[in-house]
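A.B. asks: Got a structure for you, query07.csv, holding CSV, C-alpha atoms.
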```csv
chain,number,residue,atom,x,y,z
A,23,MET,CA,-9.0,-24.2,-7.1
A,24,ASN,CA,-8.5,-23.6,-3.4
A,25,ARG,CA,-7.6,-20.0,-2.5
A,26,CYS,CA,-7.3,-18.1,0.7
A,27,LYS,CA,-10.9,-17.7,2.1
A,28,TRP,CA,-10.8,-13.8,1.9
A,29,SER,CA,-10.2,-13.9,-1.8
A,30,GLU,CA,-13.3,-16.1,-2.6
A,31,GLU,CA,-15.8,-13.3,-2.1
A,32,SER,CA,-15.4,-11.7,-5.6
A,33,GLU,CA,-13.7,-12.1,-8.9
A,34,MET,CA,-11.7,-8.9,-8.2
A,35,LEU,CA,-10.3,-10.3,-4.9
A,36,GLN,CA,-9.5,-13.6,-6.7
A,37,GLN,CA,-7.6,-11.7,-9.4
A,38,TYR,CA,-5.7,-9.7,-6.8
A,39,HIS,CA,-4.9,-12.8,-4.8
A,40,ASP,CA,-3.8,-14.8,-7.8
A,41,ASN,CA,-1.9,-12.1,-9.7
A,42,GLU,CA,-0.7,-9.4,-7.3
A,43,TRP,CA,-0.6,-10.2,-3.6
A,44,GLY,CA,2.8,-11.3,-2.5
A,45,LYS,CA,4.4,-10.8,-5.9
A,46,TRP,CA,7.6,-8.7,-6.0
A,47,VAL,CA,6.6,-5.0,-6.7
A,48,VAL,CA,9.1,-2.7,-8.4
A,49,GLY,CA,9.2,1.0,-9.1
A,50,ASP,CA,9.0,3.8,-6.5
A,51,ASN,CA,5.6,5.1,-7.5
A,52,LYS,CA,4.1,1.6,-7.5
A,53,LEU,CA,5.6,0.9,-4.1
A,54,PHE,CA,4.2,4.2,-2.9
A,55,GLU,CA,0.8,3.3,-4.2
A,56,CYS,CA,0.9,0.0,-2.3
A,57,LEU,CA,2.0,1.7,0.9
A,58,THR,CA,-0.8,4.2,0.5
A,59,LEU,CA,-3.5,1.7,-0.2
A,60,GLU,CA,-2.5,-0.4,2.8
A,61,LEU,CA,-2.6,2.8,4.9
A,62,PHE,CA,-6.1,3.5,3.7
A,63,GLN,CA,-7.2,-0.1,4.2
A,64,SER,CA,-6.5,0.2,8.0
A,65,GLY,CA,-9.8,-0.4,9.7
A,66,LEU,CA,-11.6,-1.3,6.4
A,67,SER,CA,-11.9,-4.3,4.2
A,68,TRP,CA,-9.4,-4.9,1.4
A,69,LYS,CA,-12.4,-5.3,-1.0
A,70,THR,CA,-13.4,-1.7,-0.3
A,71,ILE,CA,-9.9,-0.5,-1.2
A,72,LEU,CA,-9.7,-2.6,-4.4
A,73,HIS,CA,-13.1,-1.3,-5.5
A,74,LYS,CA,-11.8,2.2,-5.1
A,75,ARG,CA,-8.3,1.6,-6.4
A,76,GLU,CA,-8.8,3.3,-9.8
A,77,ASN,CA,-10.3,6.3,-8.1
A,78,PHE,CA,-7.4,6.5,-5.7
A,79,ARG,CA,-5.0,6.4,-8.7
A,80,LYS,CA,-6.8,9.4,-10.3
A,81,ALA,CA,-7.1,11.3,-7.0
A,82,PHE,CA,-3.5,10.9,-6.2
A,83,LEU,CA,-2.2,11.5,-9.7
A,84,GLU,CA,-1.1,7.9,-10.4
A,85,PHE,CA,0.8,8.1,-7.1
A,86,GLU,CA,3.6,10.2,-8.6
A,87,ILE,CA,5.6,10.9,-5.5
A,88,LYS,CA,6.8,14.3,-6.6
A,89,LYS,CA,3.3,15.5,-7.4
A,90,VAL,CA,1.6,14.1,-4.3
A,91,MET,CA,4.2,15.7,-2.0
A,92,LEU,CA,3.1,19.1,-3.3
A,93,PHE,CA,-0.5,18.7,-2.3
A,94,GLU,CA,-1.8,21.6,-0.2
A,95,GLU,CA,-5.0,22.3,1.8
A,96,GLU,CA,-7.0,22.9,-1.3
A,97,ASP,CA,-6.1,19.5,-2.6
A,98,ILE,CA,-7.0,17.9,0.7
A,99,LYS,CA,-10.4,19.6,0.6
A,100,GLN,CA,-11.0,18.2,-2.9
A,101,LEU,CA,-10.0,14.7,-1.8
A,102,LEU,CA,-12.3,15.0,1.2
A,103,ALA,CA,-15.1,15.7,-1.2
A,104,ASP,CA,-14.3,12.8,-3.5
A,105,ALA,CA,-16.8,10.0,-2.9
A,106,GLY,CA,-14.7,7.7,-5.1
A,107,ILE,CA,-12.0,7.3,-2.4
A,108,VAL,CA,-11.9,6.8,1.4
A,109,ARG,CA,-12.4,10.3,2.8
A,110,HIS,CA,-10.3,10.4,5.9
A,111,ARG,CA,-8.3,13.5,6.6
A,112,LYS,CA,-5.6,11.9,8.7
A,113,LYS,CA,-5.0,9.3,6.0
A,114,ILE,CA,-4.9,11.8,3.3
A,115,GLU,CA,-2.5,14.0,5.2
A,116,ALA,CA,-0.4,11.0,6.0
A,117,THR,CA,-0.2,10.1,2.3
A,118,ILE,CA,1.1,13.6,1.5
A,119,GLU,CA,3.6,13.4,4.3
A,120,ASN,CA,4.7,9.9,3.3
A,121,ALA,CA,5.3,11.2,-0.3
A,122,LYS,CA,7.7,13.7,1.2
A,123,ARG,CA,9.4,11.0,3.2
A,124,VAL,CA,9.6,8.6,0.2
A,125,ASN,CA,11.1,11.5,-1.8
A,126,ASP,CA,13.8,11.9,1.0
A,127,ILE,CA,14.4,8.2,0.9
A,128,VAL,CA,14.9,8.3,-2.9
A,129,LYS,CA,17.4,11.1,-2.4
A,130,LYS,CA,19.3,9.2,0.2
A,131,PHE,CA,19.1,5.6,-1.2
A,132,GLY,CA,18.6,6.2,-4.9
A,133,SER,CA,15.2,4.6,-4.8
A,134,PHE,CA,12.4,3.5,-2.5
A,135,GLU,CA,13.0,0.0,-3.7
A,136,VAL,CA,16.6,0.0,-2.6
A,137,PHE,CA,15.5,1.3,0.8
A,138,LEU,CA,13.1,-1.6,1.2
A,139,ASN,CA,15.7,-4.1,0.0
A,140,GLU,CA,18.0,-2.8,2.7
A,141,LEU,CA,15.6,-3.1,5.6
A,142,PRO,CA,17.0,-5.2,8.5
A,143,ASP,CA,16.5,-8.9,8.6
A,144,GLY,CA,13.6,-10.2,10.4
A,145,LYS,CA,9.9,-9.5,9.9
A,146,GLU,CA,9.5,-7.6,13.2
A,147,ASP,CA,12.5,-5.4,12.5
A,148,LYS,CA,11.3,-4.6,9.0
A,149,GLN,CA,7.9,-3.7,10.5
A,150,LYS,CA,9.3,-1.5,13.2
A,151,THR,CA,11.5,0.4,10.7
A,152,LEU,CA,8.5,1.1,8.5
A,153,GLN,CA,6.4,2.2,11.5
A,154,LYS,CA,9.2,4.7,12.5
A,155,THR,CA,9.7,5.9,8.9
A,156,PHE,CA,6.1,6.5,7.8
A,157,LYS,CA,3.2,8.4,9.2
A,158,HIS,CA,0.0,6.5,10.1
A,159,VAL,CA,1.7,3.1,9.5
A,160,GLY,CA,1.5,0.8,12.4
A,161,LEU,CA,3.0,-2.7,12.7
A,162,THR,CA,0.0,-4.4,11.0
A,163,THR,CA,-0.1,-2.0,8.1
A,164,ALA,CA,3.7,-2.4,7.7
A,165,GLU,CA,3.3,-6.2,7.7
A,166,SER,CA,0.5,-6.0,5.1
A,167,PHE,CA,2.6,-3.8,2.9
A,168,LEU,CA,5.6,-6.1,3.2
A,169,GLU,CA,3.4,-9.1,2.3
A,170,ALA,CA,1.6,-7.3,-0.5
A,171,THR,CA,4.9,-6.2,-2.2
A,172,GLY,CA,6.7,-9.6,-1.8
A,173,ARG,CA,9.2,-8.3,0.8
A,174,ILE,CA,8.0,-11.0,3.3
A,175,PRO,CA,6.1,-14.2,2.4
A,176,ALA,CA,2.4,-13.6,2.1
A,177,SER,CA,0.2,-15.4,4.7
A,178,HIS,CA,-1.6,-17.8,2.4
A,179,SER,CA,-3.9,-20.4,4.1
A,180,GLU,CA,-2.6,-23.9,4.3
A,181,HIS,CA,-5.1,-25.1,1.7
A,182,CYS,CA,-4.4,-22.3,-0.8
A,183,PHE,CA,-3.0,-23.4,-4.2
A,184,VAL,CA,-0.1,-21.0,-3.7
A,185,THR,CA,1.0,-22.7,-0.5
A,186,ILE,CA,0.5,-26.2,-1.9
A,187,LYS,CA,2.7,-25.7,-5.0
```
Written as structure tokens, that's how I'd like the structure from this file.

C.D. replies:
Amino acid sequence: MNRCKWSEESEMLQQYHDNEWGKWVVGDNKLFECLTLELFQSGLSWKTILHKRENFRKAFLEFEIKKVMLFEEEDIKQLLADAGIVRHRKKIEATIENAKRVNDIVKKFGSFEVFLNELPDGKEDKQKTLQKTFKHVGLTTAESFLEATGRIPASHSEHCFVTIK
């Protein structure tokens, strides 16, 4: 079976490619998890993040927005000492700040999902809105998040079985 080249490196990447990437993601905490993992992936390989995904889930309390937004300096210090995740202070601080921003979004729109569904038309406009809304999220990270969660079509290679369907 032909897949996107990046996914052929390991069984874990194949499973992610085949069963998760580009599929519609629902639920505010799950969407927050996706945003956070894409943020942490910036500058690294997706394989690194997937290998550490369970550790990230534990470290960030299953990405429960209302819990993560309450993290304080002591929590940051614990996360910086956790070899099971990517230990990057600015990304950790951005995650906490983004939890606060998602919480505000939920108050305003009813859910993070509704906010995402109401993003402007056009990939670039969606990316720019996310870049303005979230800390440490650039245009590339925004695009990756939108692809990963099914908000824009995932960039499968032309020979990938997903594209050929």

A.B. asks: Ranking A:Lys112, A:His178, A:Lys99, A:Arg173 by minimum distance to Leu138 (chain A) and counting all atoms listed in the file, which one comes first?

C.D. replies: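 Ranking A:Lys112, A:His178, A:Lys99, A:Arg173 by distance to Leu138 (chain A), first place goes to A:Arg173.
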
A.B. asks: Between CA of Glu169 (chain A) and CA of Lys145 (chain A), what is the distance, to one decimal in Å?

C.D. replies: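 One can read the CA of Glu169 (chain A) to CA of Lys145 (chain A) distance as 10.0 Å.
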
A.B. asks: So, counting all atoms listed in the file, which residue among A:Lys122, A:Lys52, A:Arg75, A:Arg25 is closest to Cys182 (chain A)?

C.D. replies: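 Smallest distance to Cys182 (chain A) is found for A:Arg25.
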
A.B. asks: Identify which of the residues A:Asp40, A:Glu95, A:Glu86, A:Glu30 lies closest to Glu55 (chain A), counting only C-alpha atoms when measuring atom-to-atom distances.

C.D. replies: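 For Glu55 (chain A), the nearest of the given residues is A:Glu86.
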
A.B. asks: Which one of A:Phe78, A:Phe156, A:Phe137, A:Trp43 sits closest to Ala176 (chain A) if you count all atoms listed in the file?

C.D. replies: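 Of A:Phe78, A:Phe156, A:Phe137, A:Trp43, the one nearest Ala176 (chain A), counting all atoms listed in the file, is A:Trp43.
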
A.B. asks: What gap, in Å, lies between CA of Val136 (chain A) and CA of Val124 (chain A)?

C.D. replies: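 Spanning CA of Val136 (chain A) to CA of Val124 (chain A) is a straight-line distance of 11.4 Å.
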